[in-house]
$ cat entry_32.cif   # mmCIF, C-alpha atoms
data_data
#
loop_
_atom_site.label_atom_id
_atom_site.label_comp_id
_atom_site.auth_asym_id
_atom_site.auth_seq_id
_atom_site.Cartn_x
_atom_site.Cartn_y
_atom_site.Cartn_z
CA MET A 112 49.78 73.68 9.01
CA ASP A 113 52.25 71.74 11.12
CA LYS A 114 55.19 71.24 8.74
CA ASP A 115 57.05 68.71 10.90
CA ILE A 116 56.26 65.97 8.40
CA ASP A 117 58.86 65.93 5.63
CA ASN A 118 58.13 64.07 2.39
CA SER A 119 61.43 64.94 0.70
CA ASN A 120 63.19 61.63 1.42
CA GLU A 121 60.41 59.43 0.08
CA GLU A 122 60.29 60.53 -3.55
CA PHE A 123 59.87 57.00 -4.89
CA ASP A 124 56.93 56.22 -2.62
CA MET A 125 55.38 59.59 -3.32
CA ASP A 126 55.36 58.95 -7.08
CA HIS A 127 52.70 56.30 -6.45
CA ALA A 128 50.63 58.46 -4.12
CA VAL A 129 47.97 59.59 -6.58
CA ALA A 130 44.24 59.92 -5.99
CA GLU A 131 41.92 58.25 -8.49
CA GLU A 132 38.98 60.39 -9.58
CA VAL A 133 35.48 58.92 -9.40
CA LEU A 134 33.54 62.14 -10.05
CA ASP A 135 34.80 65.67 -10.58
CA ASP A 136 34.38 66.24 -6.83
CA LEU A 137 35.10 62.73 -5.50
CA ALA A 138 38.38 60.85 -5.49
CA PHE A 139 40.06 58.11 -3.48
CA TYR A 140 43.54 56.92 -2.56
CA ARG A 141 44.10 53.28 -1.59
CA THR A 142 46.26 52.55 1.48
CA ILE A 143 47.16 48.85 1.20
CA VAL A 144 43.67 47.56 2.04
CA ALA A 145 41.49 50.61 2.79
CA ASN A 146 40.43 53.63 0.76
CA VAL A 147 40.90 57.26 1.77
CA CYS A 148 38.19 59.42 0.16
CA MET A 149 38.36 63.08 -0.84
CA ILE A 150 35.18 65.11 -1.33
CA GLY A 151 35.57 68.38 -3.21
CA LYS A 152 36.70 69.70 -6.57
CA PRO A 153 40.45 70.28 -6.97
CA ASP A 154 39.93 74.04 -7.29
CA SER A 155 37.66 74.27 -4.24
CA ASP A 156 38.74 75.97 -1.04
CA ASN A 157 36.47 73.64 0.93
CA TRP A 158 37.03 69.90 0.77
CA LEU A 159 36.87 66.99 3.24
CA LEU A 160 38.89 63.84 3.81
CA VAL A 161 36.89 60.71 4.66
CA ASP A 162 38.82 58.06 6.62
CA THR A 163 42.61 57.96 6.90
CA GLY A 164 43.64 54.39 6.14
CA VAL A 165 46.19 52.44 8.13
CA ALA A 166 49.00 53.79 10.26
CA HIS A 167 52.25 55.05 8.75
CA TYR A 168 50.53 56.33 5.59
CA THR A 169 50.49 59.97 6.62
CA LYS A 170 53.17 61.14 4.20
CA ARG A 171 51.68 59.30 1.25
CA ILE A 172 48.18 60.60 1.97
CA ILE A 173 49.54 64.14 2.18
CA ALA A 174 51.35 63.62 -1.12
CA ALA A 175 48.17 62.35 -2.82
CA VAL A 176 46.21 65.26 -1.39
CA GLU A 177 48.74 67.84 -2.56
CA LYS A 178 48.69 66.45 -6.09
CA ARG A 179 44.94 66.98 -6.18
CA PHE A 180 44.40 70.09 -4.04
CA GLY A 181 47.80 71.78 -3.88
CA ASP A 182 48.54 73.20 -0.46
CA LYS A 183 44.86 73.51 0.55
CA ALA A 184 44.15 71.61 3.74
CA PRO A 185 40.79 69.91 4.20
CA SER A 186 38.18 71.69 6.28
CA ALA A 187 37.85 68.54 8.41
CA ILE A 188 38.38 64.78 8.55
CA ILE A 189 35.27 62.58 8.68
CA LEU A 190 35.57 59.00 9.95
CA THR A 191 33.05 56.32 8.97
CA HIS A 192 34.07 54.37 12.09
CA GLY A 193 37.05 53.74 14.33
CA HIS A 194 38.66 50.48 13.14
CA PHE A 195 42.43 50.57 12.71
CA ASP A 196 42.39 50.53 8.89
CA HIS A 197 40.19 53.64 8.76
CA VAL A 198 41.75 55.79 11.49
CA GLY A 199 45.40 54.76 11.37
CA SER A 200 46.77 58.11 10.16
CA SER A 201 44.09 60.36 11.70
CA LYS A 202 46.06 61.86 14.55
CA GLU A 203 49.08 62.75 12.44
CA LEU A 204 46.96 64.26 9.65
CA ALA A 205 44.81 66.29 12.04
CA LYS A 206 47.95 67.65 13.67
CA TYR A 207 49.61 68.41 10.34
CA TRP A 208 46.62 70.27 8.92
CA ASP A 209 45.29 71.54 12.28
CA VAL A 210 41.76 70.38 11.48
CA PRO A 211 39.02 68.67 13.52
CA ILE A 212 38.05 65.01 13.20
CA TYR A 213 34.33 64.16 13.19
CA ILE A 214 32.88 60.76 14.07
CA HIS A 215 29.50 59.46 15.24
CA SER A 216 28.89 59.86 18.97
CA ASP A 217 28.59 56.07 19.38
CA GLU A 218 32.20 55.71 18.19
CA ILE A 219 33.75 58.43 20.37
CA ASP A 220 34.91 56.05 23.13
CA TYR A 221 36.83 53.97 20.57
CA VAL A 222 38.93 56.93 19.40
CA THR A 223 39.53 58.61 22.76
CA GLY A 224 41.19 55.67 24.51
CA LYS A 225 38.14 54.76 26.61
CA ASP A 226 37.08 51.50 24.99
CA THR A 227 38.20 48.79 22.59
CA TYR A 228 36.26 46.87 19.98
CA PRO A 229 35.51 43.16 20.44
CA PRO A 230 38.47 40.97 19.39
CA ALA A 231 38.65 39.89 15.77
CA ASP A 232 37.12 36.53 14.90
CA PRO A 233 39.51 34.42 12.76
CA THR A 234 36.99 31.57 12.45
CA VAL A 235 34.69 33.37 10.00
CA GLY A 236 36.54 31.91 7.00
CA GLY A 237 36.75 33.43 3.56
CA GLY A 238 40.48 33.87 3.21
CA THR A 239 43.88 34.68 4.66
CA LEU A 240 42.92 38.07 6.13
CA SER A 241 40.42 36.37 8.41
CA LEU A 242 43.14 34.08 9.76
CA LEU A 243 45.46 37.05 10.25
CA SER A 244 42.82 39.29 11.84
CA PRO A 245 43.80 38.56 15.49
CA PHE A 246 47.15 40.16 14.69
CA PHE A 247 45.64 43.41 13.39
CA PRO A 248 46.10 46.43 15.70
CA GLN A 249 43.47 46.38 18.44
CA LYS A 250 44.92 48.68 21.09
CA PRO A 251 42.82 51.73 21.94
CA VAL A 252 43.56 54.83 19.86
CA ASN A 253 43.31 58.30 21.31
CA PHE A 254 43.00 61.55 19.42
CA LYS A 255 40.74 63.23 21.95
CA LYS A 256 42.35 66.61 21.26
CA TRP A 257 40.98 66.70 17.71
CA VAL A 258 37.82 64.58 17.70
CA LYS A 259 34.26 65.92 17.78
CA PRO A 260 30.88 64.15 17.52
CA LEU A 261 28.94 64.61 14.32
CA PRO A 262 25.70 66.62 14.65
CA GLU A 263 22.74 64.43 15.58
CA ASN A 264 20.62 65.75 12.68
CA GLY A 265 22.59 63.94 9.97
CA GLU A 266 24.36 67.04 8.69
CA ILE A 267 28.04 66.92 7.80
CA PRO A 268 30.08 69.98 8.76
CA PHE A 269 31.23 72.00 5.73
CA LEU A 270 29.21 69.88 3.25
CA ASP A 271 25.74 71.24 2.53
CA GLU A 272 24.75 68.71 -0.13
CA TRP A 273 25.82 65.62 1.81
CA LYS A 274 24.21 63.87 4.78
CA TYR A 275 25.42 61.04 6.93
CA ILE A 276 23.30 57.99 7.75
CA HIS A 277 23.87 55.90 10.88
CA THR A 278 24.52 52.32 9.74
CA PRO A 279 25.44 50.27 12.83
CA GLY A 280 26.39 46.62 12.71
CA HIS A 281 29.99 46.53 11.62
CA SER A 282 30.57 48.87 14.56
CA PRO A 283 28.13 50.69 16.86
CA GLY A 284 28.53 54.16 15.36
CA HIS A 285 29.31 53.33 11.76
CA ILE A 286 28.09 55.88 9.23
CA VAL A 287 27.82 56.25 5.47
CA LEU A 288 27.78 59.52 3.52
CA PHE A 289 25.08 60.16 0.91
CA ARG A 290 24.37 62.92 -1.61
CA GLU A 291 20.78 62.66 -2.77
CA SER A 292 21.12 64.96 -5.80
CA ASP A 293 23.12 62.39 -7.76
CA ARG A 294 22.73 59.42 -5.36
CA THR A 295 26.43 59.15 -4.57
CA LEU A 296 27.18 56.89 -1.61
CA ILE A 297 30.37 56.47 0.45
CA THR A 298 29.91 53.32 2.52
CA GLY A 299 32.98 52.75 4.68
CA ASP A 300 32.61 49.10 5.74
CA ALA A 301 28.81 48.84 5.82
CA ILE A 302 29.22 47.22 2.40
CA VAL A 303 32.41 46.80 0.38
CA THR A 304 33.27 46.00 -3.22
CA GLU A 305 35.99 43.40 -2.75
CA LYS A 306 35.93 40.25 -0.65
CA PRO A 307 37.19 41.68 2.64
CA GLU A 308 38.43 38.40 4.11
CA SER A 309 40.62 37.56 1.11
CA ALA A 310 44.22 38.72 0.72
CA VAL A 311 44.08 37.79 -2.97
CA ALA A 312 41.29 40.34 -3.52
CA VAL A 313 43.59 43.10 -2.31
CA PHE A 314 45.95 42.48 -5.22
CA ILE A 315 43.39 41.36 -7.80
CA PRO A 316 40.38 43.60 -7.12
CA LEU A 317 37.11 42.70 -8.79
CA GLN A 318 33.96 44.82 -8.55
CA LYS A 319 31.29 43.04 -6.56
CA VAL A 320 29.11 44.08 -3.63
CA TYR A 321 29.88 42.26 -0.38
CA GLY A 322 28.73 42.57 3.19
CA PRO A 323 30.92 44.10 5.90
CA PRO A 324 34.27 42.51 6.85
CA ALA A 325 33.13 39.52 8.88
CA TYR A 326 36.04 39.27 11.30
CA PHE A 327 35.29 42.71 12.78
CA THR A 328 31.49 42.88 12.47
CA SER A 329 29.97 42.97 15.96
CA ASP A 330 26.19 42.89 15.37
CA TRP A 331 24.87 40.99 12.36
CA VAL A 332 21.21 41.86 12.93
CA LYS A 333 21.98 45.57 12.75
CA ALA A 334 24.40 45.00 9.87
CA GLU A 335 21.58 43.44 7.83
CA GLU A 336 19.24 46.31 8.67
CA SER A 337 21.89 48.78 7.54
CA VAL A 338 22.40 47.01 4.21
CA LYS A 339 18.65 47.09 3.55
CA LYS A 340 18.70 50.80 4.35
CA LEU A 341 21.47 51.35 1.78
CA ALA A 342 19.67 49.34 -0.90
CA ALA A 343 16.61 51.54 -0.45
CA LEU A 344 18.72 54.58 -1.39
CA GLU A 345 19.12 53.21 -4.96
CA PRO A 346 22.66 54.62 -5.30
CA GLU A 347 24.05 55.54 -8.69
CA THR A 348 27.70 55.73 -7.64
CA LEU A 349 29.29 53.85 -4.75
CA LEU A 350 32.71 54.22 -3.16
CA SER A 351 33.41 51.81 -0.33
CA GLY A 352 36.15 51.52 2.24
CA HIS A 353 37.59 48.49 0.47
CA GLY A 354 37.60 47.89 -3.27
CA LEU A 355 36.90 49.73 -6.49
CA PRO A 356 34.04 52.16 -7.14
CA MET A 357 30.84 50.85 -8.71
CA GLU A 358 27.95 52.50 -10.48
CA GLY A 359 24.69 52.03 -12.29
CA ASP A 360 22.37 49.07 -12.70
CA LEU A 361 24.95 46.42 -11.79
CA LEU A 362 25.63 48.16 -8.47
CA ARG A 363 21.95 48.38 -7.57
CA GLU A 364 21.23 44.83 -8.69
CA GLN A 365 24.01 43.37 -6.54
CA LEU A 366 23.17 45.60 -3.57
CA HIS A 367 19.51 44.50 -3.62
CA ASP A 368 20.59 40.88 -3.98
CA LEU A 369 22.81 41.24 -0.92
CA ALA A 370 20.01 42.93 1.05
CA ASP A 371 17.52 40.20 0.10
CA ASN A 372 19.93 37.33 0.82
CA PHE A 373 22.07 38.80 3.56
CA ILE A 374 22.03 35.75 5.83
CA GLU A 375 23.25 33.42 3.08
CA GLN A 376 25.73 35.80 1.45
CA ALA A 377 27.24 37.78 4.32
CA ILE A 378 26.87 36.08 7.69
CA PRO A 379 29.57 33.45 8.33
CA LYS A 380 28.34 30.10 9.62
CA ASN A 381 31.06 29.97 12.26
CA LYS A 382 30.72 33.50 13.63
CA LYS A 383 31.41 34.13 17.32
CA HIS A 384 29.78 37.57 17.57
#
$ encode --input "entry_32.cif" --output "structure tokens"
Amino acid sequence: MDKDIDNSNEEFDMDHAVAEEVLDDLAFYRTIVANVCMIGKPDSDNWLLVDTGVAHYTKRIIAAVEKRFGDKAPSAIILTHGHFDHVGSSKELAKYWDVPIYIHSDEIDYVTGKDTYPPADPTVGGGTLSLLSPFFPQKPVNFKKWVKPLPENGEIPFLDEWKYIHTPGHSPGHIVLFRESDRTLITGDAIVTEKPESAVAVFIPLQKVYGPPAYFTSDWVKAEESVKKLAALEPETLLSGHGLPMEGDLLREQLHDLADNFIEQAIPKNKKH
């Protein structure tokens, strides 16, 4: 590991850096607005980090990881997509742990400095975060040294039981992770469980299935197709990129309702994209 990152002077912040367990081999740590997911049992020598939250959270993510896994580095970092709130600490974490970063091939240009996403659309409504979205980081990110494309066959390196599913719409190469044996689903931003446009929801989270964050969603036709694809999986446990975990009948009921009424529930009337 690269030990240049020193947590010793941030003891107060580190006290709050604790992962919340969803299953015995699935946990998450919330970075302001986005979740960082950890797949693997605490005593396992092989575990993966999914997404890396916003920038400047490297030390706190490392602290949360060390409380759960000790000094065991992940085998790799998997990114659901390349938006700023999911890749913000990727480069620093990959360097610290000396591990590869995997992302769908359709997202590679957005994390190697070659391309930028469409600008955020503040007219979608729904809350303060929509109005603030033009001020979110939109400059190209580049961690070409560490990034690799995911295999085209849906396999996830180092995770035999899990597969990834291409779910474009929110971004071209967005993916979700799914384990069929217990129908556990990690959704990134394909669907979320708190109202993504609302700043209030960040501080008062309520469990409800929503469509992707509207201000950054680039293709609503594909986004709807992806939601229908997720509903067909009949997930038992869901962990999204934003919000609290959900499970059971309520999860499936709300997910099917969203899939059946996607135009009314998810697509903003004033969208530009």
$ atom_distance --input "entry_32.cif" --atom1 "atom CA of Glu291 of chain A" --atom2 "atom CA of Gly151 of chain A"
15.9 Å
$ atom_distance --input "entry_32.cif" --atom1 "atom CA of Trp273 of chain A" --atom2 "atom CA of Val258 of chain A"
19.9 Å
$ residues_around --input "entry_32.cif" --residues "segment 340-352 of chain A" --least-positions-apart "6" --cutoff "8 Å" --atoms "all atoms listed in the file" --output "PyMOL selection string"
chain A and resi 145-147+197+293-300+302-304+358-360+362-363+366-367+370
$ residues_around --input "entry_32.cif" --residues "Leu270 of chain A" --least-positions-apart "4" --cutoff "12 Å" --atoms "only C-alpha atoms" --output "PDB file with C-alpha atoms, in the coordinates of the input"
ATOM      1  CA  ASP A 136      34.380  66.240  -6.830  1.00  0.00           C
ATOM      2  CA  ILE A 150      35.180  65.110  -1.330  1.00  0.00           C
ATOM      3  CA  GLY A 151      35.570  68.380  -3.210  1.00  0.00           C
ATOM      4  CA  ASN A 157      36.470  73.640   0.930  1.00  0.00           C
ATOM      5  CA  TRP A 158      37.030  69.900   0.770  1.00  0.00           C
ATOM      6  CA  LEU A 159      36.870  66.990   3.240  1.00  0.00           C
ATOM      7  CA  LEU A 160      38.890  63.840   3.810  1.00  0.00           C
ATOM      8  CA  PRO A 185      40.790  69.910   4.200  1.00  0.00           C
ATOM      9  CA  SER A 186      38.180  71.690   6.280  1.00  0.00           C
ATOM     10  CA  ALA A 187      37.850  68.540   8.410  1.00  0.00           C
ATOM     11  CA  ILE A 188      38.380  64.780   8.550  1.00  0.00           C
ATOM     12  CA  ILE A 189      35.270  62.580   8.680  1.00  0.00           C
ATOM     13  CA  GLY A 265      22.590  63.940   9.970  1.00  0.00           C
ATOM     14  CA  GLU A 266      24.360  67.040   8.690  1.00  0.00           C
ATOM     15  CA  LYS A 274      24.210  63.870   4.780  1.00  0.00           C
ATOM     16  CA  TYR A 275      25.420  61.040   6.930  1.00  0.00           C
ATOM     17  CA  LEU A 288      27.780  59.520   3.520  1.00  0.00           C
ATOM     18  CA  PHE A 289      25.080  60.160   0.910  1.00  0.00           C
ATOM     19  CA  ARG A 290      24.370  62.920  -1.610  1.00  0.00           C
TER      20      ARG A 290
END
$ atom_distance --input "entry_32.cif" --atom1 "atom CA of Gly280 of chain A" --atom2 "atom CA of Val332 of chain A"
7.0 Å
$ residues_around --input "entry_32.cif" --residues "segment 219-225 of chain A" --least-positions-apart "3" --cutoff "8 Å" --atoms "all atoms listed in the file" --output "list in words"
Gly193, Ile214, His215, Ser216, Tyr228, Pro251, Val252, Asn253, Phe254, Lys255, Val258, Lys259 and Pro260 of chain A
$ closest_residue --input "entry_32.cif" --among "A:Gln365, A:Ser337, A:Ser292, A:Ser282" --to "Val320 of chain A" --atoms "all atoms listed in the file"
A:Gln365
$ resolve_selection --input "entry_32.cif" --expression "the PyMOL selection byres ((chain A and resi 210) around 10)" --output "PyMOL selection string"
chain A and resi 112+184-188+204-209+211-213+257-258
$ write_last_selection --input "entry_32.cif" --atoms "C-alpha atoms" --output "PDB file, in the frame of the given file"
ATOM      1  CA  MET A 112      49.780  73.680   9.010  1.00  0.00           C
ATOM      2  CA  ALA A 184      44.150  71.610   3.740  1.00  0.00           C
ATOM      3  CA  PRO A 185      40.790  69.910   4.200  1.00  0.00           C
ATOM      4  CA  SER A 186      38.180  71.690   6.280  1.00  0.00           C
ATOM      5  CA  ALA A 187      37.850  68.540   8.410  1.00  0.00           C
ATOM      6  CA  ILE A 188      38.380  64.780   8.550  1.00  0.00           C
ATOM      7  CA  LEU A 204      46.960  64.260   9.650  1.00  0.00           C
ATOM      8  CA  ALA A 205      44.810  66.290  12.040  1.00  0.00           C
ATOM      9  CA  LYS A 206      47.950  67.650  13.670  1.00  0.00           C
ATOM     10  CA  TYR A 207      49.610  68.410  10.340  1.00  0.00           C
ATOM     11  CA  TRP A 208      46.620  70.270   8.920  1.00  0.00           C
ATOM     12  CA  ASP A 209      45.290  71.540  12.280  1.00  0.00           C
ATOM     13  CA  PRO A 211      39.020  68.670  13.520  1.00  0.00           C
ATOM     14  CA  ILE A 212      38.050  65.010  13.200  1.00  0.00           C
ATOM     15  CA  TYR A 213      34.330  64.160  13.190  1.00  0.00           C
ATOM     16  CA  TRP A 257      40.980  66.700  17.710  1.00  0.00           C
ATOM     17  CA  VAL A 258      37.820  64.580  17.700  1.00  0.00           C
TER      18      VAL A 258
END
